Every structure is written in C-alpha cells, then in structure tokens.
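Asker: Got a file for you: protein_24.txt, compact mmCIF, C-alpha atoms.
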```
# COMPACT_ATOMS: atom_id res chain seq x y z
CA MET A 1 16.58 4.11 -31.94
CA ALA A 2 19.84 6.00 -31.52
CA SER A 3 18.03 9.29 -32.02
CA ARG A 4 15.37 8.34 -29.47
CA ILE A 5 18.03 7.33 -26.93
CA ASP A 6 19.84 10.62 -27.46
CA HIS A 7 16.62 12.48 -26.68
CA LEU A 8 16.10 10.45 -23.50
CA LEU A 9 19.69 11.13 -22.44
CA GLU A 10 19.32 14.85 -23.13
CA ARG A 11 16.11 15.03 -21.10
CA GLY A 12 17.71 13.14 -18.22
CA TYR A 13 15.55 10.00 -18.26
CA LEU A 14 18.55 7.77 -18.91
CA SER A 15 22.20 7.84 -17.95
CA GLU A 16 25.09 6.19 -19.73
CA THR A 17 27.60 3.87 -18.10
CA GLY A 18 30.45 1.74 -19.42
CA THR A 19 34.19 1.97 -20.06
CA ALA A 20 35.46 3.09 -23.44
CA LYS A 21 37.07 0.32 -25.50
CA ALA A 22 38.73 0.07 -28.86
CA GLY A 23 36.29 0.59 -31.66
CA ARG A 24 32.74 1.74 -31.06
CA ARG A 25 32.09 3.15 -27.60
CA PRO A 26 29.74 0.93 -25.57
CA ARG A 27 26.42 2.45 -24.54
CA ALA A 28 25.28 0.79 -21.36
CA LEU A 29 22.09 2.58 -20.41
CA THR A 30 20.21 2.75 -17.15
CA VAL A 31 17.39 4.77 -15.63
CA ASN A 32 18.85 7.99 -14.26
CA ALA A 33 18.08 7.75 -10.55
CA GLU A 34 18.99 11.43 -10.12
CA TRP A 35 16.56 12.66 -12.80
CA GLY A 36 14.13 13.43 -10.02
CA ILE A 37 12.41 12.31 -6.85
CA VAL A 38 8.86 11.46 -5.87
CA ILE A 39 6.98 11.89 -2.63
CA ALA A 40 5.29 8.66 -1.56
CA ALA A 41 3.00 8.75 1.44
CA HIS A 42 0.65 6.47 3.33
CA LEU A 43 -2.21 8.29 5.04
CA GLY A 44 -3.60 5.68 7.37
CA SER A 45 -6.41 5.21 9.85
CA ARG A 46 -3.85 5.08 12.71
CA HIS A 47 -0.65 6.71 11.44
CA THR A 48 0.97 8.52 8.52
CA ARG A 49 4.23 7.70 6.75
CA VAL A 50 6.04 9.97 4.29
CA CYS A 51 8.95 8.81 2.09
CA ILE A 52 11.12 10.44 -0.54
CA VAL A 53 11.99 7.92 -3.27
CA ASP A 54 14.32 8.14 -6.28
CA MET A 55 13.61 6.95 -9.81
CA GLU A 56 14.93 3.45 -9.09
CA GLY A 57 12.54 2.96 -6.19
CA ARG A 58 15.14 3.54 -3.47
CA VAL A 59 13.82 5.13 -0.28
CA LEU A 60 15.91 8.21 0.55
CA THR A 61 14.06 9.45 3.64
CA VAL A 62 11.31 8.08 5.89
CA GLU A 63 9.21 9.92 8.46
CA GLU A 64 6.56 8.24 10.61
CA TYR A 65 3.83 10.22 12.41
CA GLU A 66 1.34 8.93 14.96
CA VAL A 67 -1.30 11.07 13.27
CA ALA A 68 -4.16 9.60 11.27
CA ALA A 69 -6.41 10.99 8.58
CA SER A 70 -9.30 12.93 10.10
CA ASP A 71 -12.78 13.62 8.80
CA ASP A 72 -11.76 17.25 8.23
CA ILE A 73 -10.26 16.82 4.78
CA ASP A 74 -8.97 20.40 4.47
CA ALA A 75 -7.14 20.26 7.79
CA THR A 76 -5.70 16.84 6.96
CA LEU A 77 -4.41 17.95 3.57
CA ASP A 78 -2.91 21.14 5.02
CA TRP A 79 -1.10 19.06 7.65
CA LEU A 80 0.05 16.59 4.99
CA HIS A 81 1.35 19.46 2.85
CA GLU A 82 3.50 20.61 5.77
CA ARG A 83 4.88 17.10 6.25
CA PHE A 84 5.77 16.90 2.56
CA GLU A 85 7.67 20.18 2.87
CA ASP A 86 9.49 18.88 5.97
CA SER A 87 10.60 15.76 4.10
CA LEU A 88 11.83 17.73 1.10
CA LYS A 89 13.84 20.05 3.33
CA ALA A 90 15.39 17.07 5.13
CA LEU A 91 17.06 15.78 1.94
CA PRO A 92 20.84 16.23 2.18
CA GLY A 93 22.77 18.14 -0.47
CA SER A 94 21.29 19.56 -3.66
CA ARG A 95 17.75 18.31 -4.15
CA PRO A 96 16.72 16.71 -7.46
CA PRO A 97 13.49 18.13 -8.86
CA LEU A 98 10.20 16.78 -7.58
CA LYS A 99 8.53 14.82 -10.39
CA GLY A 100 5.38 13.41 -8.82
CA ILE A 101 3.43 12.39 -5.73
CA GLY A 102 1.89 9.02 -4.90
CA LEU A 103 -0.54 8.73 -2.01
CA SER A 104 -1.91 5.60 -0.33
CA ILE A 105 -5.22 5.86 1.55
CA PRO A 106 -7.37 3.37 3.52
CA ALA A 107 -10.41 3.64 1.28
CA PRO A 108 -11.65 2.43 -2.11
CA VAL A 109 -10.61 4.73 -4.98
CA ASP A 110 -12.48 4.81 -8.28
CA SER A 111 -9.73 4.27 -10.86
CA ARG A 112 -11.77 6.11 -13.51
CA THR A 113 -12.28 9.35 -11.58
CA GLY A 114 -9.71 9.30 -8.77
CA LYS A 115 -12.51 9.87 -6.26
CA LEU A 116 -12.80 8.11 -2.91
CA VAL A 117 -15.86 5.90 -2.69
CA GLY A 118 -17.47 4.84 0.60
CA PRO A 119 -18.03 3.11 2.86
CA THR A 120 -15.11 4.65 4.74
CA LEU A 121 -14.44 6.10 8.18
CA LEU A 122 -13.59 9.36 6.41
CA HIS A 123 -17.20 10.32 5.65
CA SER A 124 -16.46 13.82 4.35
CA TRP A 125 -13.94 12.39 1.86
CA ASN A 126 -16.56 10.39 -0.01
CA GLN A 127 -16.71 11.35 -3.71
CA VAL A 128 -13.79 13.77 -3.27
CA ALA A 129 -10.94 13.85 -5.81
CA MET A 130 -7.86 14.82 -3.80
CA ALA A 131 -5.29 14.75 -6.60
CA PRO A 132 -6.22 18.09 -8.26
CA LEU A 133 -5.57 20.02 -5.05
CA LEU A 134 -2.15 18.45 -4.51
CA GLU A 135 -1.33 19.00 -8.18
CA SER A 136 -2.20 22.69 -7.83
CA TRP A 137 0.23 22.99 -4.91
CA TYR A 138 3.18 21.25 -6.53
CA GLY A 139 2.59 21.35 -10.28
CA VAL A 140 3.42 17.65 -10.69
CA PRO A 141 1.30 14.54 -11.39
CA VAL A 142 -0.44 13.03 -8.37
CA ILE A 143 -1.86 9.51 -8.19
CA ILE A 144 -3.96 8.27 -5.27
CA ASP A 145 -4.85 4.63 -4.73
CA ASN A 146 -6.10 2.16 -2.16
CA ASP A 147 -3.51 1.06 0.41
CA GLY A 148 -4.03 -2.70 0.00
CA THR A 149 -3.46 -2.47 -3.75
CA LEU A 150 -0.34 -0.35 -3.28
CA MET A 151 1.07 -2.69 -0.63
CA ALA A 152 0.84 -5.55 -3.11
CA LEU A 153 2.56 -3.46 -5.77
CA GLY A 154 5.31 -2.29 -3.40
CA GLU A 155 6.01 -5.80 -2.14
CA HIS A 156 5.98 -7.30 -5.63
CA ARG A 157 8.14 -4.74 -7.43
CA THR A 158 10.63 -4.29 -4.59
CA ALA A 159 11.03 -7.77 -3.12
CA ARG A 160 9.09 -10.44 -5.07
CA SER A 161 9.34 -9.55 -8.75
CA SER A 162 9.93 -13.19 -9.64
CA SER A 163 6.50 -14.14 -8.29
CA ARG A 164 3.87 -14.09 -11.01
CA SER A 165 0.91 -14.08 -8.63
CA LEU A 166 0.42 -13.12 -5.01
CA LEU A 167 -2.12 -11.89 -2.49
CA TYR A 168 -1.00 -9.24 -0.02
CA LEU A 169 -3.14 -9.23 3.14
CA LYS A 170 -3.16 -5.95 5.03
CA LEU A 171 -4.07 -6.93 8.58
CA GLY A 172 -4.30 -3.86 10.77
CA ALA A 173 -6.94 -1.60 12.24
CA ALA A 174 -8.71 -2.31 8.95
CA PHE A 175 -8.34 -5.17 6.48
CA GLY A 176 -7.45 -5.04 2.81
CA CYS A 177 -6.03 -7.20 0.07
CA GLY A 178 -3.83 -6.41 -2.91
CA ILE A 179 -3.81 -8.80 -5.86
CA VAL A 180 -1.02 -9.49 -8.36
CA THR A 181 -1.81 -11.77 -11.31
CA ASN A 182 0.51 -12.54 -14.23
CA GLY A 183 3.02 -10.11 -12.77
CA GLU A 184 0.62 -7.14 -12.80
CA VAL A 185 -1.46 -5.56 -10.04
CA HIS A 186 -5.16 -6.31 -10.48
CA ARG A 187 -7.39 -3.36 -9.60
CA GLY A 188 -10.60 -4.60 -11.18
CA HIS A 189 -12.84 -2.72 -13.59
CA THR A 190 -13.36 0.34 -11.37
CA GLY A 191 -10.56 -0.07 -8.82
CA GLY A 192 -12.59 -1.93 -6.22
CA ALA A 193 -10.76 -5.28 -6.22
CA GLY A 194 -9.49 -6.71 -2.94
CA GLU A 195 -12.03 -5.39 -0.43
CA ILE A 196 -11.88 -8.49 1.77
CA GLY A 197 -12.94 -6.52 4.84
CA HIS A 198 -16.55 -6.89 3.71
CA MET A 199 -16.48 -10.64 3.20
CA PRO A 200 -19.16 -12.23 5.44
CA VAL A 201 -18.05 -14.31 8.44
CA VAL A 202 -19.82 -16.52 10.94
CA THR A 203 -18.73 -15.44 14.41
CA SER A 204 -20.15 -14.54 17.80
CA PHE A 205 -18.01 -11.35 17.81
CA THR A 206 -20.43 -9.24 15.80
CA ARG A 207 -20.36 -5.48 15.20
CA THR A 208 -22.22 -3.32 12.72
CA CYS A 209 -20.07 -2.38 9.75
CA LEU A 210 -19.95 1.02 8.03
CA CYS A 211 -21.75 -0.62 5.12
CA GLY A 212 -24.68 -1.46 7.41
CA ARG A 213 -24.18 -5.22 7.72
CA ASP A 214 -23.36 -7.13 10.91
CA ASP A 215 -21.20 -9.92 9.53
CA CYS A 216 -18.31 -8.17 7.74
CA LEU A 217 -14.87 -9.60 8.50
CA GLU A 218 -13.24 -6.25 9.28
CA ALA A 219 -16.09 -4.91 11.41
CA CYS A 220 -16.27 -8.08 13.50
CA LEU A 221 -12.59 -9.00 13.87
CA GLY A 222 -10.37 -6.25 12.44
CA GLY A 223 -7.81 -4.55 14.66
CA THR A 224 -10.20 -1.80 15.71
CA ALA A 225 -12.93 -4.36 16.42
CA ILE A 226 -10.64 -6.53 18.58
CA ILE A 227 -9.65 -3.49 20.63
CA GLU A 228 -13.31 -2.55 21.14
CA HIS A 229 -14.19 -6.11 22.16
CA LEU A 230 -11.36 -5.98 24.71
CA ARG A 231 -12.58 -2.65 26.10
CA GLU A 232 -16.02 -4.16 26.57
CA ARG A 233 -14.30 -6.80 28.72
CA GLY A 234 -12.65 -4.16 30.88
CA HIS A 235 -9.25 -3.78 29.21
CA THR A 236 -7.76 -0.31 28.68
CA VAL A 237 -5.95 -1.15 25.44
CA ALA A 238 -6.19 1.64 22.85
CA THR A 239 -3.81 0.72 20.03
CA THR A 240 -2.66 -2.24 17.98
CA ALA A 241 0.69 -2.02 19.76
CA GLY A 242 -1.17 -2.42 23.07
CA LEU A 243 -2.97 -5.43 21.66
CA VAL A 244 0.36 -7.00 20.67
CA GLU A 245 1.59 -6.48 24.25
CA LEU A 246 -1.50 -8.16 25.72
CA VAL A 247 -0.99 -11.19 23.49
CA ALA A 248 2.69 -11.33 24.38
CA GLY A 249 1.63 -11.42 28.03
CA ALA A 250 -0.73 -14.33 27.28
CA ASP A 251 -3.87 -12.39 28.20
CA PRO A 252 -6.76 -14.89 27.77
CA ASP A 253 -9.18 -12.40 26.21
CA ALA A 254 -6.65 -11.11 23.72
CA LEU A 255 -5.61 -14.65 22.78
CA GLU A 256 -9.23 -15.74 22.29
CA LEU A 257 -10.05 -12.79 20.04
CA CYS A 258 -6.87 -12.99 17.99
CA ARG A 259 -7.25 -16.72 17.45
CA ALA A 260 -10.86 -16.19 16.36
CA ALA A 261 -9.71 -13.44 14.00
CA GLY A 262 -7.02 -15.67 12.51
CA THR A 263 -9.49 -18.49 11.88
CA ALA A 264 -12.02 -16.16 10.26
CA ILE A 265 -9.39 -14.49 8.06
CA GLY A 266 -7.91 -17.82 7.00
CA ALA A 267 -11.32 -19.23 6.04
CA SER A 268 -12.12 -16.09 4.03
CA VAL A 269 -8.76 -16.03 2.24
CA ALA A 270 -9.14 -19.73 1.38
CA VAL A 271 -11.96 -18.68 -0.96
CA LEU A 272 -9.60 -16.27 -2.73
CA VAL A 273 -6.85 -18.88 -2.89
CA ASP A 274 -9.21 -21.36 -4.55
CA PHE A 275 -10.42 -18.68 -6.95
CA LEU A 276 -7.07 -17.10 -7.91
CA ASN A 277 -4.59 -19.90 -7.14
CA PRO A 278 -1.72 -17.53 -6.19
CA GLU A 279 1.89 -18.54 -5.75
CA THR A 280 2.28 -16.58 -2.49
CA VAL A 281 0.12 -15.10 0.25
CA VAL A 282 1.95 -12.25 1.98
CA LEU A 283 0.95 -11.21 5.50
CA GLY A 284 1.42 -7.53 6.29
CA GLY A 285 0.09 -4.96 8.74
CA ARG A 286 0.54 -4.85 12.49
CA LEU A 287 -1.75 -7.79 13.24
CA SER A 288 0.60 -9.99 11.21
CA LEU A 289 3.03 -9.65 14.16
CA ILE A 290 0.63 -11.60 16.41
CA GLU A 291 1.70 -15.25 16.17
CA PRO A 292 -1.47 -16.86 17.59
CA LEU A 293 -3.48 -14.98 14.95
CA THR A 294 -1.23 -15.97 12.04
CA GLN A 295 -1.01 -19.57 13.24
CA ASN A 296 -4.79 -19.90 13.14
CA LEU A 297 -4.91 -18.07 9.83
CA ARG A 298 -2.52 -20.57 8.25
CA ALA A 299 -4.35 -23.54 9.76
CA ALA A 300 -7.77 -22.37 8.56
CA LEU A 301 -6.50 -21.50 5.09
CA TYR A 302 -4.85 -24.88 4.58
CA ALA A 303 -7.89 -26.67 6.03
CA ARG A 304 -10.45 -24.87 3.84
CA ALA A 305 -8.66 -24.43 0.48
CA LEU A 306 -8.56 -27.21 -2.10
CA PRO A 307 -5.45 -29.41 -2.38
CA LEU A 308 -4.39 -28.20 -5.83
CA SER A 309 -4.68 -24.54 -4.82
CA ILE A 310 -2.35 -24.98 -1.84
CA SER A 311 -0.02 -27.65 -3.23
CA GLU A 312 2.72 -25.08 -3.87
CA LEU A 313 1.36 -22.12 -1.92
CA ALA A 314 3.77 -20.15 0.27
CA ILE A 315 2.47 -18.03 3.15
CA ASP A 316 5.15 -15.47 4.02
CA THR A 317 5.53 -12.37 6.15
CA THR A 318 6.04 -9.12 4.26
CA ILE A 319 9.60 -8.15 3.36
CA THR A 320 8.91 -4.47 2.69
CA ALA A 321 7.00 -4.19 6.00
CA GLU A 322 5.83 -0.68 6.90
CA ASN A 323 7.22 0.80 3.67
CA ALA A 324 5.07 -1.42 1.45
CA SER A 325 2.30 1.07 0.67
CA CYS A 326 4.72 3.98 0.18
CA LEU A 327 6.82 1.88 -2.20
CA GLY A 328 3.68 0.96 -4.11
CA ALA A 329 2.69 4.62 -4.32
CA ALA A 330 6.19 5.47 -5.54
CA TRP A 331 6.20 2.79 -8.24
CA THR A 332 2.76 3.90 -9.42
CA ILE A 333 3.90 7.46 -10.05
CA ILE A 334 7.29 6.34 -11.47
CA ASP A 335 5.50 4.05 -13.94
CA HIS A 336 3.33 6.99 -14.95
CA LEU A 337 6.34 9.28 -15.44
CA PHE A 338 8.09 6.70 -17.61
CA SER A 339 4.99 5.70 -19.56
CA VAL A 340 5.05 6.13 -23.33
CA GLY A 341 2.45 8.91 -23.23
CA SER A 342 4.21 10.95 -20.55
CA VAL A 343 7.67 10.55 -22.10
CA ASN A 344 6.42 11.41 -25.59
CA ALA A 345 4.67 14.51 -24.28
CA ASP A 346 7.89 15.67 -22.64
CA VAL A 347 10.48 14.64 -25.23
CA LEU A 348 8.54 15.33 -28.40
CA GLY A 349 6.57 18.27 -27.08
```
Output the file's structure as structure tokens, nothing else.

Answerer:
Amino acid sequence: MASRIDHLLERGYLSETGTAKAGRRPRALTVNAEWGIVIAAHLGSRHTRVCIVDMEGRVLTVEEYEVAASDDIDATLDWLHERFEDSLKALPGSRPPLKGIGLSIPAPVDSRTGKLVGPTLLHSWNQVAMAPLLESWYGVPVIIDNDGTLMALGEHRTARSSSRSLLYLKLGAAFGCGIVTNGEVHRGHTGGAGEIGHMPVVTSFTRTCLCGRDDCLEACLGGTAIIEHLRERGHTVATTAGLVELVAGADPDALELCRAAGTAIGASVAVLVDFLNPETVVLGGRLSLIEPLTQNLRAALYARALPLSISELAIDTTITAENASCLGAAWTIIDHLFSVGSVNADVLG
C-alpha cells in the first residue's frame, strides 16, 4: 500500500497534509485538487453554460450564453470549442493541465456507443458520436451524457450525498428525469432511463411530439409547449423567463396552462414514486420557479401516489440550480479519471 500511495503522490493524484509529530510522520492524504481541471458544459435547447471545475468538484469559473444547440452540428461544435478556449483563458494565474471534458446535452445518449439517439430537436445529431471530435481537439477523455441524468448526479454528489435515492425533475423547455438509487445514478441498460417527457397524459392541451404521438407530457405541457399555447392565444411571450413574468403578473392564460402542467407532471411522477419509492424528489429547471405549477405538481403527486411511497417523501427545490448538469458532467469525467483502469494505465504504464 505504501508503494502504491507513493506512486499516486508522484503522479499528482494525491497530496499529503498533516503536521509532523514525534515518531512516525503522519500521512494524511487527500485528492490533489490542483492535479488538473476539467471542462464541464451544458449545451441546452435554450442556452449554454460552460464551467471549469477542479478535481474536488469545485466550480472555478462559470460562463452563461443565451445560445442554444443548433441543427448544424459542425457550427455548434466550432462555437463550443471557442467558448471552451475562452473559459480556459479566463482562469487566473498558472493554469493546471486540462484532464478531461464532460458535456451535458438535451437528448438520449446510448451509453454503449456514446451516440445521440432520437427523437430529438437536433435531427442532424442523431446517431452521431461527438466525443471523438472533441478528444481529437484536446487530447483528453470526453464523456457526453443526457442532461437529466447529469443533473441528478450533480445534485446528489454536490449537495445530497446522504440521500440514498432521489428523482431529479428537469422542468424547462423540455422535460427530463435523473434517477439515483442506492447512492448511484441509474442510467438503465442502454442509457435511456428517465425519459419522462414521453409519458402519456390526458389533457386538452395536445401537440404532436417529435416521436409522432399526440399525448406526450413534454410535447403537450413542456416549457416550449406552454409558450406556443400562449402564442396561439395572442401573447407575445418567447422565452421561459417571459412565461415566469406572465405568471408573476397573474395572467389568466399563463396561470391556467402552468397549473395544468403541474397537475399533469405530478400525476406522471406519482407513477415513478410508487415504482421507485425515492427519499427525495428534486425540482429543477426554470419551470420549477413557477409557484402555481409546483403547487399543483405537489398536490397531484401526493393525491395519486400510494401512502407508503409518500410517507417520508420530501419534495425540494434544487440546491445546485443552474450548475447541476455541469457539476454532473464534471463528476462523471472525474470519476473516470480516478477509476482503477485509468489510474493503473497512467501509474503502471
């Protein structure tokens, strides 16, 4: 063990702390936060967020852009590459080496191949593996995953590590759900777990989904759907922020739609609560800021779920907020860097 620790210290994975005492010198060890940095980014359907994170999961820099992923994958990746470079240059002082990149995207990702799998708004991205291109630019490992899954991981590892099971609901322009069971993120067999946006709902606010059905939760009452319903009623709202303002002003149409969305989401999530029996349901995304929506969500969930499933259930607002997906992306790549296989390959050659 001493030999192994010496190797990890020499390679910079660990650092030693402690005050010398009489007799044998104490060896208090910790992860060396300055061993390197990772880029963690969320490429969303409405905005993009880029963070630089150290090896202990601390966010060093944050940049938010009101630019979304476009269907032109090459142009989007070129733009994202420039934003990564901007963030690296913004780091003060001497920059630790870049060790990896984690990227969160609003689409299902096949965990076996790393390819995006439709249905998704980004049609040209379907069956594309983005990681190899980013790896060729930077020469470091790149991991890409679904945003709902990464939000759950970021929230759990950063703020709720004592919780053994939780559901993280991403309520924004699109809907998603990240699942933590027994302290570990659950991705499913192929990475498709948590796609609650395609759960069927009974509602008069119907719209055709990308998957071709007319009763999908996200298509009928997601953030984008609510905005489109409002436009059909003569409102000029164009963003989720505008929707929040309408609700704050007690606009009747906005209140009706948000309350209907909350009820539909709550009834859908009640099925998951009965099935998984989580300790906590975490509400994240910009729609979670709309109180009439979350009130109806809570009411419907408690009304529809079974008594034992909700007897100790907490429904909380996210603590990591807009950094959740970036933190999840960061922890994913950090876990990979510190995995037995990666460390052995580096230390033992």

Asker: Got a sec: who's within 7 Å of A:Cys326, counting only C-alpha atoms, leaving out chain neighbours fewer than 5 positions off, as a VMD selection string?

Answerer: chain A and resid 40 to 42 51 104

Asker: Between A:Ala330, A:Leu88, A:Val340, A:Val347, which is the closest to A:Thr158 once you count all atoms listed in the file?

Answerer: A:Ala330

Asker: Using all atoms listed in the file, I'd like a table of the residues in stretch 127-221 of chain A that come within 9 Å of stretch 63-79 of chain A; for each, show the closest atom pair and its distance in Å rounded to one decimal, ordered by chain and ascending number, as CSV.

Answerer:
```
residue,atom,partner,partner_atom,distance
A:Met130,CA,A:Leu77,CA,8.7
A:Leu133,CA,A:Leu77,CA,8.9
A:Leu134,CA,A:Leu77,CA,8.4
```

Asker: Out of A:Gly212, A:Gly102, A:Gly172, A:Gly266, which residue has the shortest atom-to-atom distance to A:Val244 when counting only C-alpha atoms?

Answerer: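 Looking only at the distances to A:Val244, the closest residue turns out to be A:Gly172.
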
Asker: Tell me, as a list in words, which residues lie within 7 Å of A:Val180, counting only C-alpha atoms; anything in the same chain fewer than 3 positions away does not count.

Answerer: Ala152, Ser165, Leu166, Leu167, Gly183, Glu184, Val185 and His186 of chain A

Asker: Atom CA of A:Ile101 and atom CA of A:Trp137, how far apart in Å?

Answerer: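 Rounded to one decimal, the two atoms are 11.1 Å apart.
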
Asker: Neighbouring residues of A:Gly194 were defined as those with any atom within 10 Å, considering only C-alpha atoms; residues of the same chain fewer than 6 positions away were excluded. Please report them as a VMD selection string.

Answerer: chain A and resid 108 146 148 to 149 167 to 169 175 to 179 186 to 188 272

Asker: Using atom CA of A:Ala219 and atom CA of A:Leu246 as the two end points, give the distance in Å to one decimal.

Answerer: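 Separating atom CA of A:Ala219 from atom CA of A:Leu246 is a distance of 20.7 Å.
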
Asker: Using atom CA of A:Thr318 and atom CA of A:Thr61 as the two end points, give the distance in Å to one decimal.

Answerer: 20.2 Å

Asker: Tell me which of A:Gly44, A:Trp125, A:Lys99, A:Leu9 sits closest to A:Leu29, counting all atoms listed in the file.

Answerer: A:Leu9

Asker: So, counting all atoms listed in the file, which residue among A:Pro278, A:Pro292, A:Gly234, A:Pro106 is closest to A:Cys258?

Answerer: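 Under the stated criterion, the closest residue is A:Pro292.
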